[in-house]
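Novice: My structure file model-v4.csv, CSV, C-alpha atoms and all ligand atoms, is below:
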```
chain,number,residue,atom,x,y,z
Z,1,MET,CA,100.7,0.6,30.7
Z,2,ARG,CA,101.7,1.2,34.3
Z,3,SER,CA,104.3,3.8,34.8
Z,4,ASP,CA,106.8,3.8,37.7
Z,5,LYS,CA,105.1,6.9,39.0
Z,6,TYR,CA,101.7,5.1,39.1
Z,7,GLU,CA,103.3,2.2,41.1
Z,8,ALA,CA,105.0,4.6,43.5
Z,9,ASP,CA,101.7,6.3,44.2
Z,10,LEU,CA,100.0,3.1,44.9
Z,11,ILE,CA,102.7,1.8,47.2
Z,12,GLU,CA,102.7,4.9,49.3
Z,13,ASP,CA,99.0,5.2,49.7
Z,14,TYR,CA,99.1,3.8,53.3
Z,15,LEU,CA,101.7,6.1,54.6
Z,16,CYS,CA,100.8,9.3,56.5
Z,17,GLN,CA,102.1,11.8,59.0
Z,18,GLN,CA,101.5,11.5,62.7
Z,19,HIS,CA,100.3,15.1,63.1
Z,20,TRP,CA,101.1,15.0,66.8
Z,21,GLU,CA,99.4,18.4,67.5
Z,22,ASP,CA,96.0,16.9,66.5
Z,23,TYR,CA,95.7,14.4,69.3
Z,24,THR,CA,92.9,15.4,71.7
Z,25,LYS,CA,92.9,15.4,75.5
Z,26,GLN,CA,91.0,12.2,75.4
Z,27,ASP,CA,93.6,10.5,73.2
Z,28,HIS,CA,96.4,11.4,75.6
Z,29,ALA,CA,94.3,10.3,78.5
Z,30,VAL,CA,93.8,6.9,76.9
Z,31,TRP,CA,97.5,6.6,76.4
Z,32,LYS,CA,98.2,7.6,80.0
Z,33,GLU,CA,95.8,5.0,81.4
Z,34,LEU,CA,97.2,2.2,79.2
Z,35,PHE,CA,100.8,3.2,79.9
Z,36,ASN,CA,100.3,3.3,83.7
Z,37,ARG,CA,98.4,0.0,83.8
Z,38,GLN,CA,100.9,-1.9,81.7
Z,39,SER,CA,104.0,-0.4,83.3
Z,40,LYS,CA,102.8,-1.7,86.7
Z,41,LEU,CA,101.8,-5.1,85.4
Z,42,LEU,CA,105.1,-5.6,83.5
Z,43,VAL,CA,107.4,-5.3,86.4
Z,44,ASN,CA,108.9,-8.8,87.0
Z,45,ARG,CA,106.8,-10.0,84.0
Z,46,ALA,CA,108.4,-8.5,80.9
Z,47,ALA,CA,112.0,-9.2,79.8
Z,48,GLU,CA,114.7,-6.9,81.2
Z,49,GLU,CA,115.7,-6.0,77.6
Z,50,TYR,CA,112.2,-4.6,77.1
Z,51,LEU,CA,111.8,-2.8,80.4
Z,52,LYS,CA,115.1,-1.1,80.5
Z,53,VAL,CA,114.6,1.0,77.3
Z,54,ILE,CA,111.1,2.3,78.1
Z,55,PRO,CA,112.5,5.5,79.7
Z,56,THR,CA,115.3,5.8,77.1
Z,57,LEU,CA,112.7,5.9,74.3
Z,58,GLY,CA,110.8,8.7,76.1
Z,59,LEU,CA,107.8,6.4,76.7
Z,60,THR,CA,106.0,8.0,79.7
Z,61,ASP,CA,102.6,8.6,81.2
Z,62,GLU,CA,102.6,12.2,79.9
Z,63,GLY,CA,100.8,11.2,76.8
Z,64,ILE,CA,101.3,10.0,73.2
Z,65,PRO,CA,104.9,10.4,72.2
Z,66,ASP,CA,106.0,12.3,69.1
Z,67,PHE,CA,107.3,9.8,66.5
Z,68,ARG,CA,110.0,12.2,65.3
Z,69,ARG,CA,111.8,12.2,68.6
Z,70,MET,CA,111.4,8.5,69.2
Z,71,SER,CA,112.5,7.6,65.8
Z,72,GLU,CA,115.7,9.6,66.3
Z,73,ILE,CA,116.5,7.8,69.5
Z,74,LEU,CA,115.8,4.4,67.9
Z,75,HIS,CA,117.8,5.2,64.9
Z,76,LYS,CA,120.9,6.2,66.9
Z,77,ALA,CA,120.6,2.9,68.9
Z,78,THR,CA,120.0,0.3,66.2
Z,79,GLY,CA,119.5,2.0,62.8
Z,80,TRP,CA,115.7,1.4,62.8
Z,81,THR,CA,113.2,4.2,62.0
Z,82,ILE,CA,109.5,4.6,62.6
Z,83,ILE,CA,107.3,5.2,59.6
Z,84,THR,CA,103.7,6.3,60.1
Z,85,VAL,CA,100.8,4.3,58.6
Z,86,LYS,CA,97.0,4.6,58.6
Z,87,GLY,CA,96.5,1.0,59.7
Z,88,LEU,CA,97.2,-2.5,58.6
Z,89,ILE,CA,99.2,-2.8,55.4
Z,90,SER,CA,99.8,-5.5,52.9
Z,91,SER,CA,102.2,-8.3,53.8
Z,92,GLU,CA,104.4,-7.4,50.9
Z,93,ALA,CA,104.7,-3.7,52.0
Z,94,PHE,CA,105.2,-4.8,55.6
Z,95,HIS,CA,108.1,-7.1,54.9
Z,96,GLY,CA,109.6,-4.7,52.5
Z,97,HIS,CA,109.7,-2.0,55.2
Z,98,LEU,CA,111.1,-4.4,57.8
Z,99,SER,CA,113.9,-5.5,55.5
Z,100,ARG,CA,114.9,-1.8,55.3
Z,101,ARG,CA,114.7,-1.4,59.1
Z,102,GLU,CA,111.6,0.7,58.9
Z,103,PHE,CA,108.9,-0.2,61.4
Z,104,PRO,CA,105.3,0.8,60.5
Z,105,VAL,CA,103.4,2.4,63.4
Z,106,THR,CA,99.7,3.3,63.3
Z,107,TYR,CA,99.1,6.9,64.3
Z,108,TRP,CA,95.6,6.6,65.9
Z,109,ILE,CA,94.7,5.5,69.4
Z,110,ARG,CA,91.7,3.4,70.6
Z,111,LYS,CA,88.6,5.0,72.1
Z,112,PRO,CA,88.1,4.8,75.9
Z,113,GLU,CA,85.5,2.1,75.6
Z,114,GLU,CA,88.0,-0.1,73.7
Z,115,ILE,CA,90.6,0.2,76.4
Z,116,ASP,CA,90.8,-3.6,77.0
Z,117,TYR,CA,90.5,-4.9,73.5
Z,118,ILE,CA,90.7,-3.7,69.9
Z,119,ALA,CA,90.6,-5.9,66.8
Z,120,GLU,CA,93.2,-3.9,64.9
Z,121,PRO,CA,96.6,-2.7,66.2
Z,122,ASP,CA,96.6,0.9,67.3
Z,123,ILE,CA,99.5,3.2,68.3
Z,124,PHE,CA,99.7,1.8,71.8
Z,125,HIS,CA,100.3,-1.8,70.5
Z,126,ASP,CA,102.7,-0.6,67.8
Z,127,LEU,CA,104.7,1.8,69.8
Z,128,PHE,CA,104.6,0.5,73.4
Z,129,GLY,CA,104.5,-3.1,72.2
Z,130,HIS,CA,107.0,-3.3,69.3
Z,131,VAL,CA,109.4,-0.4,69.4
Z,132,PRO,CA,111.2,-1.2,72.7
Z,133,MET,CA,112.4,-4.6,71.4
Z,134,LEU,CA,113.9,-2.9,68.3
Z,135,MET,CA,116.3,-1.2,70.7
Z,136,ASN,CA,117.9,-4.6,71.3
Z,137,PRO,CA,120.7,-5.1,68.7
Z,138,VAL,CA,120.1,-8.9,68.3
Z,139,PHE,CA,116.3,-8.5,68.1
Z,140,ALA,CA,116.7,-5.6,65.7
Z,141,ASP,CA,118.7,-7.8,63.4
Z,142,TYR,CA,116.2,-10.6,63.8
Z,143,VAL,CA,113.2,-8.5,62.7
Z,144,GLN,CA,115.1,-7.2,59.7
Z,145,ALA,CA,116.1,-10.7,58.7
Z,146,PHE,CA,112.5,-11.6,59.1
Z,147,GLY,CA,111.5,-8.9,56.7
Z,148,MET,CA,113.9,-10.2,54.1
Z,149,GLY,CA,112.6,-13.7,54.7
Z,150,GLY,CA,109.1,-12.4,54.2
Z,151,VAL,CA,109.7,-11.2,50.7
Z,152,LYS,CA,111.1,-14.7,49.9
Z,153,ALA,CA,108.3,-16.6,51.6
Z,154,ASP,CA,105.8,-14.6,49.6
Z,155,ASN,CA,107.4,-15.6,46.4
Z,156,LEU,CA,107.5,-19.2,47.4
Z,157,HIS,CA,103.9,-19.1,48.7
Z,158,TYR,CA,104.9,-20.3,52.1
Z,159,MET,CA,103.8,-17.2,54.0
Z,160,THR,CA,101.5,-19.3,56.2
Z,161,TYR,CA,104.6,-20.9,58.0
Z,162,LEU,CA,106.5,-17.6,58.4
Z,163,GLU,CA,103.4,-15.9,59.7
Z,164,LYS,CA,103.2,-18.5,62.5
Z,165,LEU,CA,106.9,-17.8,63.4
Z,166,TYR,CA,106.1,-14.1,63.7
Z,167,TRP,CA,103.1,-14.7,65.8
Z,168,TYR,CA,104.8,-17.0,68.3
Z,169,THR,CA,108.0,-14.9,68.6
Z,170,VAL,CA,107.6,-11.2,67.8
Z,171,GLU,CA,103.9,-11.0,68.9
Z,172,PHE,CA,103.6,-13.7,71.6
Z,173,GLY,CA,107.1,-14.8,72.6
Z,174,LEU,CA,108.3,-15.7,76.1
Z,175,ILE,CA,111.9,-16.0,77.2
Z,176,ASN,CA,113.4,-18.1,79.9
Z,177,THR,CA,115.6,-16.2,82.3
Z,178,LYS,CA,117.4,-17.0,85.6
Z,179,ASP,CA,114.4,-15.4,87.4
Z,180,GLY,CA,111.8,-17.4,85.5
Z,181,LEU,CA,109.8,-16.9,82.3
Z,182,ARG,CA,109.5,-13.4,81.0
Z,183,ILE,CA,107.5,-11.7,78.2
Z,184,TYR,CA,109.0,-10.2,75.1
Z,185,GLY,CA,106.1,-10.5,72.6
Z,186,SER,CA,104.4,-7.2,71.7
Z,187,GLY,CA,100.9,-8.7,71.6
Z,188,ILE,CA,101.3,-9.6,75.2
Z,189,VAL,CA,103.0,-6.5,76.6
Z,190,SER,CA,100.2,-4.3,75.2
Z,191,SER,CA,97.4,-6.5,76.7
Z,192,LYS,CA,96.4,-6.4,80.3
Z,193,THR,CA,94.7,-9.8,80.4
Z,194,GLU,CA,97.3,-11.6,78.4
Z,195,SER,CA,100.3,-10.2,80.3
Z,196,ILE,CA,99.0,-12.0,83.4
Z,197,TYR,CA,97.5,-15.0,81.7
Z,198,CYS,CA,100.6,-16.0,79.6
Z,199,LEU,CA,102.7,-16.4,82.7
Z,200,GLU,CA,100.3,-17.3,85.5
Z,201,ASP,CA,97.3,-19.2,84.1
Z,202,LYS,CA,97.1,-23.0,84.2
Z,203,ARG,CA,95.4,-23.3,80.8
Z,204,PRO,CA,98.1,-22.7,78.1
Z,205,HIS,CA,101.1,-24.9,77.3
Z,206,ARG,CA,104.5,-23.3,77.5
Z,207,ILE,CA,106.9,-25.1,75.1
Z,208,GLY,CA,110.6,-24.7,74.4
Z,209,PHE,CA,111.1,-22.9,71.1
Z,210,ASP,CA,111.8,-25.2,68.1
Z,211,LEU,CA,111.8,-23.6,64.6
Z,212,LYS,CA,109.8,-26.2,62.7
Z,213,ARG,CA,107.4,-26.9,65.6
Z,214,THR,CA,106.7,-23.2,65.9
Z,215,MET,CA,106.1,-22.8,62.1
Z,216,ARG,CA,103.6,-25.7,62.1
Z,217,THR,CA,101.5,-24.4,65.0
Z,218,ASP,CA,98.2,-22.8,64.2
Z,219,TYR,CA,96.9,-19.8,66.2
Z,220,ARG,CA,93.7,-17.9,66.9
Z,221,TYR,CA,94.2,-14.2,66.5
Z,222,ASP,CA,91.2,-13.1,68.5
Z,223,LYS,CA,91.5,-15.3,71.6
Z,224,LEU,CA,94.0,-15.9,74.4
Z,225,GLN,CA,96.8,-18.2,73.2
Z,226,GLU,CA,96.6,-21.9,73.9
Z,227,CYS,CA,100.3,-22.3,73.8
Z,228,TYR,CA,103.4,-20.1,74.0
Z,229,PHE,CA,107.0,-20.9,72.8
Z,230,VAL,CA,109.8,-20.1,75.1
Z,231,ILE,CA,113.3,-19.0,73.8
Z,232,ASP,CA,116.5,-19.3,75.9
Z,233,SER,CA,118.0,-16.1,74.4
Z,234,PHE,CA,117.6,-13.7,71.5
Z,235,GLU,CA,120.8,-15.1,70.1
Z,236,GLN,CA,119.2,-18.6,70.0
Z,237,LEU,CA,116.3,-17.2,68.1
Z,238,PHE,CA,118.6,-15.4,65.6
Z,239,GLU,CA,120.8,-18.4,65.1
Z,240,ALA,CA,117.8,-20.8,64.7
Z,241,THR,CA,116.4,-18.6,62.0
Z,242,ARG,CA,119.6,-17.9,60.1
Z,243,PRO,CA,119.5,-20.9,57.7
Z,244,ASP,CA,117.8,-20.7,54.3
Z,245,PHE,CA,114.1,-21.5,54.9
Z,246,THR,CA,113.4,-22.9,51.4
Z,247,PRO,CA,114.1,-26.6,52.3
Z,248,ILE,CA,112.6,-26.0,55.8
Z,249,TYR,CA,109.3,-24.8,54.3
Z,250,GLU,CA,109.2,-27.9,52.1
Z,251,GLU,CA,109.7,-30.2,55.1
Z,252,VAL,CA,107.2,-28.4,57.3
Z,253,SER,CA,104.6,-28.4,54.6
Z,254,LYS,CA,104.9,-32.2,54.5
Z,255,LEU,CA,104.8,-32.6,58.3
Z,256,GLY,CA,101.5,-30.6,58.5
Z,257,ILE,CA,99.8,-28.2,60.8
Z,258,ILE,CA,99.5,-28.8,64.6
Z,259,GLU,CA,96.6,-27.5,66.7
Z,260,PRO,CA,97.7,-25.1,69.3
Z,261,TYR,CA,96.3,-27.1,72.2
Z,262,LYS,CA,98.0,-30.4,71.2
Z,263,LEU,CA,101.4,-31.4,72.6
Z,264,GLN,CA,103.9,-33.4,70.5
Z,265,PRO,CA,106.0,-36.3,72.0
Z,266,GLU,CA,109.2,-34.4,71.2
Z,267,ASP,CA,108.1,-31.1,72.8
Z,268,LYS,CA,110.3,-29.7,75.5
Z,269,VAL,CA,107.5,-28.8,77.9
Z,270,PHE,CA,108.0,-26.0,80.4
Z,271,THR,CA,104.5,-26.2,81.7
Z,272,LYS,CA,101.8,-28.5,80.4
Z,273,GLY,CA,98.5,-26.6,80.2
Z,274,THR,CA,95.0,-27.8,81.2
Z,275,VAL,CA,93.8,-26.5,77.8
Z,276,ILE,CA,91.8,-23.3,77.5
Z,277,ASN,CA,88.8,-24.5,75.5
Z,278,GLU,CA,87.0,-27.4,77.2
Z,279,SER,CA,85.4,-28.5,73.9
Z,280,HIS,CA,88.7,-29.9,72.6
A,1,LIG,N1,116.5,-17.4,57.2
A,1,LIG,C1,115.2,-17.1,56.7
A,1,LIG,C2,115.0,-17.4,55.2
A,1,LIG,O1,115.9,-17.8,54.6
A,1,LIG,C3,114.9,-15.6,56.9
A,1,LIG,C4,114.4,-15.3,58.2
A,1,LIG,C5,115.3,-14.8,59.2
A,1,LIG,C6,113.1,-15.5,58.5
A,1,LIG,C7,114.8,-14.6,60.5
A,1,LIG,C8,112.6,-15.2,59.8
A,1,LIG,C9,113.5,-14.8,60.8
A,1,LIG,O2,113.9,-17.3,54.7
A,2,FE,FE,101.9,-6.3,66.3
```
Mind converting the file's structure to structure tokens?
Specialist:
Amino acid sequence: MRSDKYEADLIEDYLCQQHWEDYTKQDHAVWKELFNRQSKLLVNRAAEEYLKVIPTLGLTDEGIPDFRRMSEILHKATGWTIITVKGLISSEAFHGHLSRREFPVTYWIRKPEEIDYIAEPDIFHDLFGHVPMLMNPVFADYVQAFGMGGVKADNLHYMTYLEKLYWYTVEFGLINTKDGLRIYGSGIVSSKTESIYCLEDKRPHRIGFDLKRTMRTDYRYDKLQECYFVIDSFEQLFEATRPDFTPIYEEVSKLGIIEPYKLQPEDKVFTKGTVINESH
């Protein structure tokens, strides 16, 4: 029989300590290069809500930050804390942590030869990409609500739809501002190529955010996106996702999946793309 102790050991297997003192010169140099490059690129591209908290959080070009300090600053601002993980964790564990306002951050950093692309999220993506948006009170609440919704979606076996919402908002979201479209998605702000491509390239579609539309849209996790969804405000996103998703999942599952390069007649199109992959 499984004891509670056994369960607890299993659950915590993916957690670890940052061991900040153990980073090498090379690790800090990789951080510095990524930080400098993205900081320059993100001026007038990333959302103000994202950019303004970078110095507050102690994110600098000096090297990899110490989680303990950053977590304290974050906790004072919005009640979130950083927890350290070895890498990707199960969907169940991930949503459980989000629902308790704990954000899992990977401790290791990519090698110099992986500077432009890594298949798995490292500390630069997790920290530089995700943590700044958690300083925004509305977004902080959205991500926690998402975590609670994740536990439910898992039980209902509708994770496939919630996953798409996460992808097109938290990871690859754009926001419309008086100065034009801006980036808030972590997958974009941590990528050199995509932070230019998502705003300036002619190929992808940029479509107004609609909950069901977003949940139905497929994505490719290892390629540049073929479409982006644009929110008007973080309040809009929070309000749109407030209702109970149970009936929405049922409806969406009947409506079916949409390929990311296909526009729908009811789409509110910001920019119609020329489509990235010519074979479509
Ligand atoms: N309202 C959603 C539900 O009932 C929870 C949720 C909130 C999901 C915010 C995503 C984002 O499942
Ligand atoms: Fe991520």
Novice: Considering all atoms listed in the file, return as a PDB file with C-alpha atoms, keeping the file's coordinate frame whatever protein or nucleic-acid residues lie within 12 Å of Lys212 in chain Z, sequence-local ones (same chain, fewer than 4 positions apart) excluded.
Specialist:
```pdb
ATOM      1  CA  TYR Z 161     104.600 -20.900  58.000  1.00  0.00           C
ATOM      2  CA  LEU Z 162     106.500 -17.600  58.400  1.00  0.00           C
ATOM      3  CA  LYS Z 164     103.200 -18.500  62.500  1.00  0.00           C
ATOM      4  CA  LEU Z 165     106.900 -17.800  63.400  1.00  0.00           C
ATOM      5  CA  TYR Z 168     104.800 -17.000  68.300  1.00  0.00           C
ATOM      6  CA  GLY Z 208     110.600 -24.700  74.400  1.00  0.00           C
ATOM      7  CA  ARG Z 216     103.600 -25.700  62.100  1.00  0.00           C
ATOM      8  CA  THR Z 217     101.500 -24.400  65.000  1.00  0.00           C
ATOM      9  CA  PHE Z 229     107.000 -20.900  72.800  1.00  0.00           C
ATOM     10  CA  ALA Z 240     117.800 -20.800  64.700  1.00  0.00           C
ATOM     11  CA  THR Z 241     116.400 -18.600  62.000  1.00  0.00           C
ATOM     12  CA  PHE Z 245     114.100 -21.500  54.900  1.00  0.00           C
ATOM     13  CA  PRO Z 247     114.100 -26.600  52.300  1.00  0.00           C
ATOM     14  CA  ILE Z 248     112.600 -26.000  55.800  1.00  0.00           C
ATOM     15  CA  TYR Z 249     109.300 -24.800  54.300  1.00  0.00           C
ATOM     16  CA  GLU Z 250     109.200 -27.900  52.100  1.00  0.00           C
ATOM     17  CA  GLU Z 251     109.700 -30.200  55.100  1.00  0.00           C
ATOM     18  CA  VAL Z 252     107.200 -28.400  57.300  1.00  0.00           C
ATOM     19  CA  SER Z 253     104.600 -28.400  54.600  1.00  0.00           C
ATOM     20  CA  LYS Z 254     104.900 -32.200  54.500  1.00  0.00           C
ATOM     21  CA  LEU Z 255     104.800 -32.600  58.300  1.00  0.00           C
ATOM     22  CA  GLY Z 256     101.500 -30.600  58.500  1.00  0.00           C
ATOM     23  CA  ILE Z 257      99.800 -28.200  60.800  1.00  0.00           C
ATOM     24  CA  ILE Z 258      99.500 -28.800  64.600  1.00  0.00           C
ATOM     25  CA  GLU Z 266     109.200 -34.400  71.200  1.00  0.00           C
ATOM     26  CA  ASP Z 267     108.100 -31.100  72.800  1.00  0.00           C
TER      27      ASP Z 267
END
```
Novice: What does the structure give for the distance between CA of Ser190 in chain Z and CA of Glu92 in chain Z, in Å to one decimal?
Specialist: 24.9 Å
Novice: Please give me, as number ranges by chain, the residues lying within 8 Å of ligand FE 2 (chain A) when counting all atoms listed in the file.
Specialist: Z: 121, 125-126, 129-130, 170-171, 186-187
Novice: How would you report the residues lying within 8 Å of ligand LIG 1 (chain A), as a PyMOL selection string, if you count all atoms listed in the file?
Specialist: chain Z and resi 142-150+152-153+162+165-166+238+241-246
Novice: May I ask for the distance between CA of Leu42 in chain Z and CA of Pro132 in chain Z, given in Å to one decimal place?
Specialist: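 If I compute the distance from CA of Leu42 in chain Z to CA of Pro132 in chain Z, I get 13.2 Å.
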Novice: Write out as a VMD selection string each polymer residue whose atoms come within 12 Å of Glu194 in chain Z, counting all atoms listed in the file; drop sequence neighbours fewer than 6 positions from it.
Specialist: chain Z and resid 38 41 to 42 45 to 46 116 to 117 171 to 174 183 185 to 188 200 to 201 204 222 to 226 228
Novice: What lies within 7 Å of range 68-73 of chain Z using all atoms listed in the file, ignoring chain neighbours under 5 positions off, as a PyMOL selection string?
Specialist: chain Z and resi 57-58+81-82
Novice: Could you state the separation of CA of Val30 in chain Z and CA of Pro104 in chain Z in Å, given to one decimal place?
Specialist: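 According to the coordinates, CA of Val30 in chain Z and CA of Pro104 in chain Z are separated by 20.9 Å.
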Novice: As JSON, numbers by chain, please: the residues near Tyr261 in chain Z (cut-off 10 Å, only C-alpha atoms, same-chain neighbours under 4 positions excluded).
Specialist: {"Z": [203, 204, 205, 217, 218, 219, 225, 226, 227, 272, 273, 274, 275, 276, 277, 280]}
Novice: Counting all atoms listed in the file, which residue out of Z:Thr106, Z:Thr160, Z:Ser39, Z:Asn155 sits closest to Val85 in chain Z?
Specialist: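 Once distances to Val85 in chain Z are computed over all atoms listed in the file, the minimum belongs to Z:Thr106.
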Novice: Can you work out which one of Z:Gly63, Z:Arg206, Z:Phe103, Z:Tyr221 has the shortest atom-to-atom distance to Ile118 in chain Z, counting only C-alpha atoms?
Specialist: Z:Tyr221
Novice: Go through Z:Gln18, Z:Thr271, Z:Ser195, Z:Thr56 and flag the residue nearest Val43 in chain Z, using only C-alpha atoms for the distances.
Specialist: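 Of Z:Gln18, Z:Thr271, Z:Ser195, Z:Thr56, the one nearest Val43 in chain Z, counting only C-alpha atoms, is Z:Ser195.
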Novice: Smallest atom-to-atom distance to Thr177 in chain Z: which of Z:Ile231, Z:Met159, Z:Asp154, Z:Thr193, using all atoms listed in the file?
Specialist: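 Smallest distance to Thr177 in chain Z is found for Z:Ile231.
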Novice: Z:Glu33, Z:Leu88, Z:Ile64, Z:Tyr107: which is nearest Gln17 in chain Z, counting only C-alpha atoms?
Specialist: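 Of Z:Glu33, Z:Leu88, Z:Ile64, Z:Tyr107, the one nearest Gln17 in chain Z is Z:Tyr107, counting only C-alpha atoms.
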Novice: Near Ile175 in chain Z, within 7 Å and counting all atoms listed in the file, which residues show up once chain neighbours fewer than 5 positions away are dropped, as JSON, numbers by chain?
Specialist: {"Z": [181, 182, 183, 184, 230, 231, 232, 233]}
Novice: Complete range 44-58 of chain Z with N, CA, C and O atoms (output as a PDB file, keeping the file's coordinate frame).
Specialist:
```pdb
ATOM      1  N   ASN Z  44     108.662  -7.382  86.695  1.00  0.00           N
ATOM      2  CA  ASN Z  44     108.900  -8.800  87.000  1.00  0.00           C
ATOM      3  C   ASN Z  44     108.069  -9.743  86.029  1.00  0.00           C
ATOM      4  O   ASN Z  44     107.973 -10.944  86.272  1.00  0.00           O
ATOM      5  N   ARG Z  45     107.477  -9.189  84.986  1.00  0.00           N
ATOM      6  CA  ARG Z  45     106.800 -10.000  84.000  1.00  0.00           C
ATOM      7  C   ARG Z  45     107.483  -9.897  82.619  1.00  0.00           C
ATOM      8  O   ARG Z  45     107.641 -10.876  81.915  1.00  0.00           O
ATOM      9  N   ALA Z  46     107.827  -8.663  82.253  1.00  0.00           N
ATOM     10  CA  ALA Z  46     108.400  -8.500  80.900  1.00  0.00           C
ATOM     11  C   ALA Z  46     109.955  -8.674  81.041  1.00  0.00           C
ATOM     12  O   ALA Z  46     110.550  -8.537  82.117  1.00  0.00           O
ATOM     13  N   ALA Z  47     110.572  -8.986  79.913  1.00  0.00           N
ATOM     14  CA  ALA Z  47     112.000  -9.200  79.800  1.00  0.00           C
ATOM     15  C   ALA Z  47     112.746  -7.895  80.174  1.00  0.00           C
ATOM     16  O   ALA Z  47     112.277  -6.809  79.827  1.00  0.00           O
ATOM     17  N   GLU Z  48     113.901  -8.025  80.805  1.00  0.00           N
ATOM     18  CA  GLU Z  48     114.700  -6.900  81.200  1.00  0.00           C
ATOM     19  C   GLU Z  48     115.075  -6.038  79.925  1.00  0.00           C
ATOM     20  O   GLU Z  48     115.068  -4.813  79.966  1.00  0.00           O
ATOM     21  N   GLU Z  49     115.358  -6.721  78.820  1.00  0.00           N
ATOM     22  CA  GLU Z  49     115.700  -6.000  77.600  1.00  0.00           C
ATOM     23  C   GLU Z  49     114.587  -5.091  77.133  1.00  0.00           C
ATOM     24  O   GLU Z  49     114.837  -4.055  76.532  1.00  0.00           O
ATOM     25  N   TYR Z  50     113.370  -5.478  77.422  1.00  0.00           N
ATOM     26  CA  TYR Z  50     112.200  -4.600  77.100  1.00  0.00           C
ATOM     27  C   TYR Z  50     112.071  -3.486  78.074  1.00  0.00           C
ATOM     28  O   TYR Z  50     112.015  -2.324  77.693  1.00  0.00           O
ATOM     29  N   LEU Z  51     112.044  -3.824  79.363  1.00  0.00           N
ATOM     30  CA  LEU Z  51     111.800  -2.800  80.400  1.00  0.00           C
ATOM     31  C   LEU Z  51     112.773  -1.692  80.468  1.00  0.00           C
ATOM     32  O   LEU Z  51     112.411  -0.541  80.668  1.00  0.00           O
ATOM     33  N   LYS Z  52     114.045  -2.060  80.278  1.00  0.00           N
ATOM     34  CA  LYS Z  52     115.100  -1.100  80.500  1.00  0.00           C
ATOM     35  C   LYS Z  52     115.080   0.095  79.512  1.00  0.00           C
ATOM     36  O   LYS Z  52     115.585   1.168  79.816  1.00  0.00           O
ATOM     37  N   VAL Z  53     114.511  -0.112  78.333  1.00  0.00           N
ATOM     38  CA  VAL Z  53     114.600   1.000  77.300  1.00  0.00           C
ATOM     39  C   VAL Z  53     113.308   1.831  77.275  1.00  0.00           C
ATOM     40  O   VAL Z  53     113.248   2.792  76.510  1.00  0.00           O
ATOM     41  N   ILE Z  54     112.340   1.524  78.106  1.00  0.00           N
ATOM     42  CA  ILE Z  54     111.100   2.300  78.100  1.00  0.00           C
ATOM     43  C   ILE Z  54     111.407   3.808  78.397  1.00  0.00           C
ATOM     44  O   ILE Z  54     111.013   4.677  77.605  1.00  0.00           O
ATOM     45  N   PRO Z  55     112.147   4.114  79.489  1.00  0.00           N
ATOM     46  CA  PRO Z  55     112.500   5.500  79.700  1.00  0.00           C
ATOM     47  C   PRO Z  55     113.397   6.106  78.629  1.00  0.00           C
ATOM     48  O   PRO Z  55     113.221   7.259  78.224  1.00  0.00           O
ATOM     49  N   THR Z  56     114.362   5.313  78.168  1.00  0.00           N
ATOM     50  CA  THR Z  56     115.300   5.800  77.100  1.00  0.00           C
ATOM     51  C   THR Z  56     114.541   6.285  75.906  1.00  0.00           C
ATOM     52  O   THR Z  56     114.917   7.265  75.269  1.00  0.00           O
ATOM     53  N   LEU Z  57     113.472   5.582  75.547  1.00  0.00           N
ATOM     54  CA  LEU Z  57     112.700   5.900  74.300  1.00  0.00           C
ATOM     55  C   LEU Z  57     111.768   7.111  74.560  1.00  0.00           C
ATOM     56  O   LEU Z  57     111.128   7.564  73.609  1.00  0.00           O
ATOM     57  N   GLY Z  58     111.687   7.567  75.800  1.00  0.00           N
ATOM     58  CA  GLY Z  58     110.800   8.700  76.100  1.00  0.00           C
ATOM     59  C   GLY Z  58     109.321   8.211  76.153  1.00  0.00           C
ATOM     60  O   GLY Z  58     108.399   8.999  75.936  1.00  0.00           O
TER      61      GLY Z  58
END
```
